[in-house]
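Enquirer: What follows is a structure written as structure tokens; I'll ask about it next.
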Amino acid sequence: MEEETFKSRLTETEEILSWALTEFERVAVACSFGKDSVTVLSLARELDPDVMVFWIKTGYAFEETEQFKDRLVKEWNLNLTEVSPETTREEMEEKHGKDLFREDPKLCCQCLKVEPTRRVLKDLDAWITGLRRDETEHRKDLYIVEEFEDMPVKVNAIAKWTNEDVWNYIKEYNIPYNPLYDKGFVSLGCEPCTRACTWGRFERAGRWPDRDDKECGMHLIEKA
Ligand code: SF4
């Protein structure tokens with residue numbers, strides 16, 4: 001069997017994306033404006049510059065992420081839908097207090113991330129993500145294509161890529177990236193739940209640093 005390289009993984013990803021973008025009528029890229037989803041978005045745009053993109057607007061994004069998103073929307077002329085939760089951050093804070101993300105992150109993620117994602121997915125045949133196997137122990141067996149009952153097909157087009165692959169791609173193809181990475185962040189999420197870090201075996205160690213669980217539930221949606 002031929003040994004896999006970054007170039008072979010890149011070629012495979014381009015084929016997967018080409019398949020997904022022709023096979024499904026209603027297909028969108030889920031983008032957090034972190035390095036992985038921007039990588040997959042960049043590759044998808046090579047095939048369809050007008051590909052649909054959605055971003056979940058929790059109200060807790062870093063200012064740098066908001067600005068980076070606005071920059072990409074302009075520079076790439078992104079076909080972006082910003083999806084707000086039914087219950088906004090302000091309403092959540094009024095009801096549960098300002099520390100809900102610390103006291104009950106599951107509930108916070110459920111209301112601000114999972115609910116709006118579920119609503120977007122209802123109108124899609126497929127969605128494309130930037131999930132990767134080497135991000136966490138939990139994701140190590142991730143399939144490239146996932147099918148669940150009554151859910152759009154999930155295409156994890158860069159599932160096999162390493163962290164190094166992503167940075168190789170960004171540097172080699174001169175792709176813009178979120179400036180938070182230059183401040184020591186390794187994996188990006190909402191500001192209150194993300195720390196710059198060098199510790200941990202996996203990239204997501206700085207996400208909810210006090211918890212073992214490194215998933216917000218958005219990517220467990222199909223099993224719920
Ligand atoms: S990542 Fe933190 S702030 Fe964002 S929705 Fe989840 S618990 Fe709330």
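Letters for chains follow the order of the structure tokens (A, B, ...), residue numbers begin at 1 for each chain, and ligand numbers begin at 1 in the order shown.
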Could the residues that lie within 10 Å of ligand 1, counting only C-alpha atoms and all ligand atoms, be listed as JSON, numbers by chain?

Expert: {"A": [56, 57, 58, 59, 60, 61, 89, 92, 99, 100, 101, 102, 103, 104, 105, 106, 107, 108, 109, 110, 111, 112, 113, 114, 188, 189, 190, 191, 192, 193, 194, 207, 208, 214, 215, 216, 217, 218]}

Enquirer: Considering only strand (DSSP E or B) as DSSP defines it on the backbone, what residues of region 98-209 of chain A qualify? List them as a PyMOL selection string.

Expert: chain A and resi 126-129+145-146+153-156+194+207

Enquirer: Take the residues from that selection and put them in a file with N, CA and C atoms, as a tab-separated table (two decimals), in the first residue's frame.

Expert:
chain	number	residue	atom	x	y	z
A	126	ALA	N	-26.46	17.87	3.28
A	126	ALA	CA	-25.12	17.49	3.75
A	126	ALA	C	-24.45	18.72	4.36
A	127	TRP	N	-23.53	18.44	5.31
A	127	TRP	CA	-22.72	19.54	5.83
A	127	TRP	C	-21.27	19.11	5.89
A	128	ILE	N	-20.41	20.07	5.68
A	128	ILE	CA	-18.96	19.81	5.61
A	128	ILE	C	-18.31	20.44	6.84
A	129	THR	N	-17.47	19.65	7.52
A	129	THR	CA	-16.84	20.16	8.74
A	129	THR	C	-15.32	20.12	8.62
A	145	VAL	N	-17.05	10.21	6.04
A	145	VAL	CA	-18.46	10.44	5.73
A	145	VAL	C	-19.29	9.75	6.80
A	146	GLU	N	-20.19	10.50	7.43
A	146	GLU	CA	-21.02	9.93	8.48
A	146	GLU	C	-22.50	10.08	8.09
A	153	VAL	N	-26.10	14.25	5.67
A	153	VAL	CA	-24.82	13.53	5.65
A	153	VAL	C	-23.72	14.49	6.13
A	154	LYS	N	-22.85	13.96	6.98
A	154	LYS	CA	-21.78	14.80	7.51
A	154	LYS	C	-20.47	14.42	6.83
A	155	VAL	N	-19.81	15.40	6.25
A	155	VAL	CA	-18.58	15.14	5.49
A	155	VAL	C	-17.41	15.78	6.24
A	156	ASN	N	-16.62	14.94	6.87
A	156	ASN	CA	-15.45	15.42	7.62
A	156	ASN	C	-14.25	15.33	6.68
A	194	THR	N	-12.06	29.06	26.38
A	194	THR	CA	-10.87	28.73	25.58
A	194	THR	C	-9.64	29.40	26.16
A	207	ARG	N	-9.55	23.89	25.63
A	207	ARG	CA	-11.00	24.11	25.57
A	207	ARG	C	-11.59	23.58	26.87

Enquirer: Which is closest to Glu137 (chain A) among A:Leu180, A:Gln67, A:Asp213, A:Thr11, if we use only C-alpha atoms?

Expert: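 Closest residue, counting only C-alpha atoms: A:Asp213.
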
Enquirer: Pick out the residues sitting within 7 Å of Ala157 (chain A), and hand them over as an mmCIF file with C-alpha atoms, in the first residue's frame; count only C-alpha atoms, and ignore anything fewer than 5 positions along from it in its own chain.

Expert:
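Result went into selection-v2.cif, see below:
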data_model
loop_
_atom_site.group_PDB
_atom_site.id
_atom_site.type_symbol
_atom_site.label_atom_id
_atom_site.label_comp_id
_atom_site.auth_asym_id
_atom_site.auth_seq_id
_atom_site.Cartn_x
_atom_site.Cartn_y
_atom_site.Cartn_z
ATOM 1 C CA THR A 13 -9.815 15.762 0.309
ATOM 2 C CA ILE A 16 -14.225 14.110 -1.333
ATOM 3 C CA LEU A 17 -15.269 17.742 -1.551
ATOM 4 C CA ILE A 128 -18.961 19.813 5.611
ATOM 5 C CA THR A 129 -16.843 20.156 8.740
ATOM 6 C CA GLY A 130 -13.202 20.721 9.648
ATOM 7 C CA ILE A 144 -14.804 10.875 6.656
#

Enquirer: Excluding Cys197 (chain A) and any residue of its chain fewer than 6 positions from it, enumerate the residues within 10 Å of it, using only C-alpha atoms, and give them as a JSON list (two decimals) with C-alpha atoms, in the first residue's frame.

Expert:
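Writing done, so here's selection.json:
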[["chain", "number", "residue", "atom", "x", "y", "z"],
["A", 183, "LYS", "CA", -1.12, 34.57, 20.67],
["A", 184, "GLY", "CA", -0.63, 30.97, 21.76],
["A", 185, "PHE", "CA", -4.09, 29.54, 21.13],
["A", 186, "VAL", "CA", -4.11, 26.08, 19.63],
["A", 187, "SER", "CA", -7.83, 25.35, 19.27],
["A", 203, "GLU", "CA", -5.04, 20.21, 20.63],
["A", 204, "ARG", "CA", -8.31, 20.74, 22.46],
["A", 205, "ALA", "CA", -6.67, 20.74, 25.90],
["A", 206, "GLY", "CA", -7.28, 24.49, 26.18],
["A", 207, "ARG", "CA", -11.00, 24.11, 25.57],
["A", 209, "PRO", "CA", -9.63, 23.52, 30.59]]

Enquirer: When you draw a straight line from CA of Ser84 (chain A) to CA of Thr117 (chain A), how long is it in Å?

Expert: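 Between these atoms lies a distance of 9.4 Å.
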
Enquirer: Would you list, as an MDAnalysis selection string, the residues of region 8-216 of chain A that end up in alpha helix (DSSP H) under DSSP run on this structure's backbone?

Expert: chainID A and resid 8:23 35:47 63:75 89:96 100:103 105:109 115:121 163:172

Enquirer: Limited to C-alpha atoms, could you put the picked residues into a file as a PDB file, in the first residue's frame?

Expert:
ATOM      1  CA  SER A   8      -2.008  12.477  -1.023  1.00  0.00           C
ATOM      2  CA  ARG A   9      -4.337  13.564   1.788  1.00  0.00           C
ATOM      3  CA  LEU A  10      -4.869  16.898   0.034  1.00  0.00           C
ATOM      4  CA  THR A  11      -5.762  15.168  -3.225  1.00  0.00           C
ATOM      5  CA  GLU A  12      -8.140  12.816  -1.430  1.00  0.00           C
ATOM      6  CA  THR A  13      -9.815  15.762   0.309  1.00  0.00           C
ATOM      7  CA  GLU A  14     -10.301  17.558  -3.002  1.00  0.00           C
ATOM      8  CA  GLU A  15     -11.980  14.438  -4.390  1.00  0.00           C
ATOM      9  CA  ILE A  16     -14.225  14.110  -1.333  1.00  0.00           C
ATOM     10  CA  LEU A  17     -15.269  17.742  -1.551  1.00  0.00           C
ATOM     11  CA  SER A  18     -15.887  17.486  -5.261  1.00  0.00           C
ATOM     12  CA  TRP A  19     -18.137  14.487  -4.609  1.00  0.00           C
ATOM     13  CA  ALA A  20     -20.019  16.229  -1.773  1.00  0.00           C
ATOM     14  CA  LEU A  21     -20.581  19.436  -3.697  1.00  0.00           C
ATOM     15  CA  THR A  22     -21.997  17.634  -6.726  1.00  0.00           C
ATOM     16  CA  GLU A  23     -23.864  14.831  -4.948  1.00  0.00           C
ATOM     17  CA  LYS A  35      -7.811  27.084  11.168  1.00  0.00           C
ATOM     18  CA  ASP A  36      -9.478  23.737  10.382  1.00  0.00           C
ATOM     19  CA  SER A  37     -12.832  24.977   9.158  1.00  0.00           C
ATOM     20  CA  VAL A  38     -11.170  27.810   7.223  1.00  0.00           C
ATOM     21  CA  THR A  39      -8.928  25.201   5.564  1.00  0.00           C
ATOM     22  CA  VAL A  40     -11.860  23.079   4.490  1.00  0.00           C
ATOM     23  CA  LEU A  41     -13.753  26.201   3.426  1.00  0.00           C
ATOM     24  CA  SER A  42     -10.815  27.349   1.331  1.00  0.00           C
ATOM     25  CA  LEU A  43     -10.692  23.970  -0.419  1.00  0.00           C
ATOM     26  CA  ALA A  44     -14.467  23.926  -0.976  1.00  0.00           C
ATOM     27  CA  ARG A  45     -14.341  27.433  -2.437  1.00  0.00           C
ATOM     28  CA  GLU A  46     -11.820  26.244  -5.018  1.00  0.00           C
ATOM     29  CA  LEU A  47     -14.607  24.044  -6.345  1.00  0.00           C
ATOM     30  CA  GLU A  63     -13.336  39.910  19.147  1.00  0.00           C
ATOM     31  CA  GLU A  64     -10.440  38.665  16.990  1.00  0.00           C
ATOM     32  CA  THR A  65     -12.649  35.889  15.589  1.00  0.00           C
ATOM     33  CA  GLU A  66     -15.457  38.343  14.775  1.00  0.00           C
ATOM     34  CA  GLN A  67     -13.002  40.613  12.986  1.00  0.00           C
ATOM     35  CA  PHE A  68     -11.389  37.718  11.137  1.00  0.00           C
ATOM     36  CA  LYS A  69     -14.826  36.517  10.020  1.00  0.00           C
ATOM     37  CA  ASP A  70     -15.698  39.995   8.722  1.00  0.00           C
ATOM     38  CA  ARG A  71     -12.370  40.131   6.904  1.00  0.00           C
ATOM     39  CA  LEU A  72     -12.942  36.784   5.162  1.00  0.00           C
ATOM     40  CA  VAL A  73     -16.531  37.660   4.257  1.00  0.00           C
ATOM     41  CA  LYS A  74     -15.184  40.698   2.463  1.00  0.00           C
ATOM     42  CA  GLU A  75     -12.017  39.244   0.933  1.00  0.00           C
ATOM     43  CA  ARG A  89     -26.589  35.106  25.277  1.00  0.00           C
ATOM     44  CA  GLU A  90     -28.218  38.119  26.973  1.00  0.00           C
ATOM     45  CA  GLU A  91     -31.452  36.198  27.634  1.00  0.00           C
ATOM     46  CA  MET A  92     -29.446  33.251  28.970  1.00  0.00           C
ATOM     47  CA  GLU A  93     -27.518  35.489  31.325  1.00  0.00           C
ATOM     48  CA  GLU A  94     -30.709  37.115  32.534  1.00  0.00           C
ATOM     49  CA  LYS A  95     -32.277  33.741  33.235  1.00  0.00           C
ATOM     50  CA  HIS A  96     -29.298  31.751  34.538  1.00  0.00           C
ATOM     51  CA  LEU A 100     -23.611  29.769  33.205  1.00  0.00           C
ATOM     52  CA  PHE A 101     -20.734  28.821  30.889  1.00  0.00           C
ATOM     53  CA  ARG A 102     -18.765  27.924  34.030  1.00  0.00           C
ATOM     54  CA  GLU A 103     -21.571  26.494  36.158  1.00  0.00           C
ATOM     55  CA  PRO A 105     -21.409  24.533  30.189  1.00  0.00           C
ATOM     56  CA  LYS A 106     -23.543  21.705  28.804  1.00  0.00           C
ATOM     57  CA  LEU A 107     -26.697  23.793  29.101  1.00  0.00           C
ATOM     58  CA  CYS A 108     -24.912  26.867  27.745  1.00  0.00           C
ATOM     59  CA  CYS A 109     -23.610  24.936  24.704  1.00  0.00           C
ATOM     60  CA  GLU A 115     -30.025  24.390  19.142  1.00  0.00           C
ATOM     61  CA  PRO A 116     -29.066  26.756  16.272  1.00  0.00           C
ATOM     62  CA  THR A 117     -26.983  24.032  14.581  1.00  0.00           C
ATOM     63  CA  ARG A 118     -29.894  21.627  14.727  1.00  0.00           C
ATOM     64  CA  ARG A 119     -32.103  24.294  13.106  1.00  0.00           C
ATOM     65  CA  VAL A 120     -29.640  24.867  10.219  1.00  0.00           C
ATOM     66  CA  LEU A 121     -29.233  21.156   9.586  1.00  0.00           C
ATOM     67  CA  ASN A 163      -2.257  19.616  12.761  1.00  0.00           C
ATOM     68  CA  GLU A 164       0.956  19.923  10.748  1.00  0.00           C
ATOM     69  CA  ASP A 165      -0.935  19.276   7.493  1.00  0.00           C
ATOM     70  CA  VAL A 166      -3.293  22.147   8.255  1.00  0.00           C
ATOM     71  CA  TRP A 167      -0.458  24.571   8.924  1.00  0.00           C
ATOM     72  CA  ASN A 168       1.420  23.308   5.846  1.00  0.00           C
ATOM     73  CA  TYR A 169      -1.633  24.040   3.744  1.00  0.00           C
ATOM     74  CA  ILE A 170      -2.158  27.488   5.289  1.00  0.00           C
ATOM     75  CA  LYS A 171       1.475  28.474   4.743  1.00  0.00           C
ATOM     76  CA  GLU A 172       1.912  26.889   1.322  1.00  0.00           C
TER      77      GLU A 172
END

Enquirer: What's the separation between CA of Trp161 (chain A) and CA of Thr136 (chain A), in Å to one decimal place?

Expert: 13.0 Å

Enquirer: Separation of CA of Ile158 (chain A) and CA of Tyr143 (chain A), in Å?

Expert: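 Distance reported for this atom pair: 10.1 Å.
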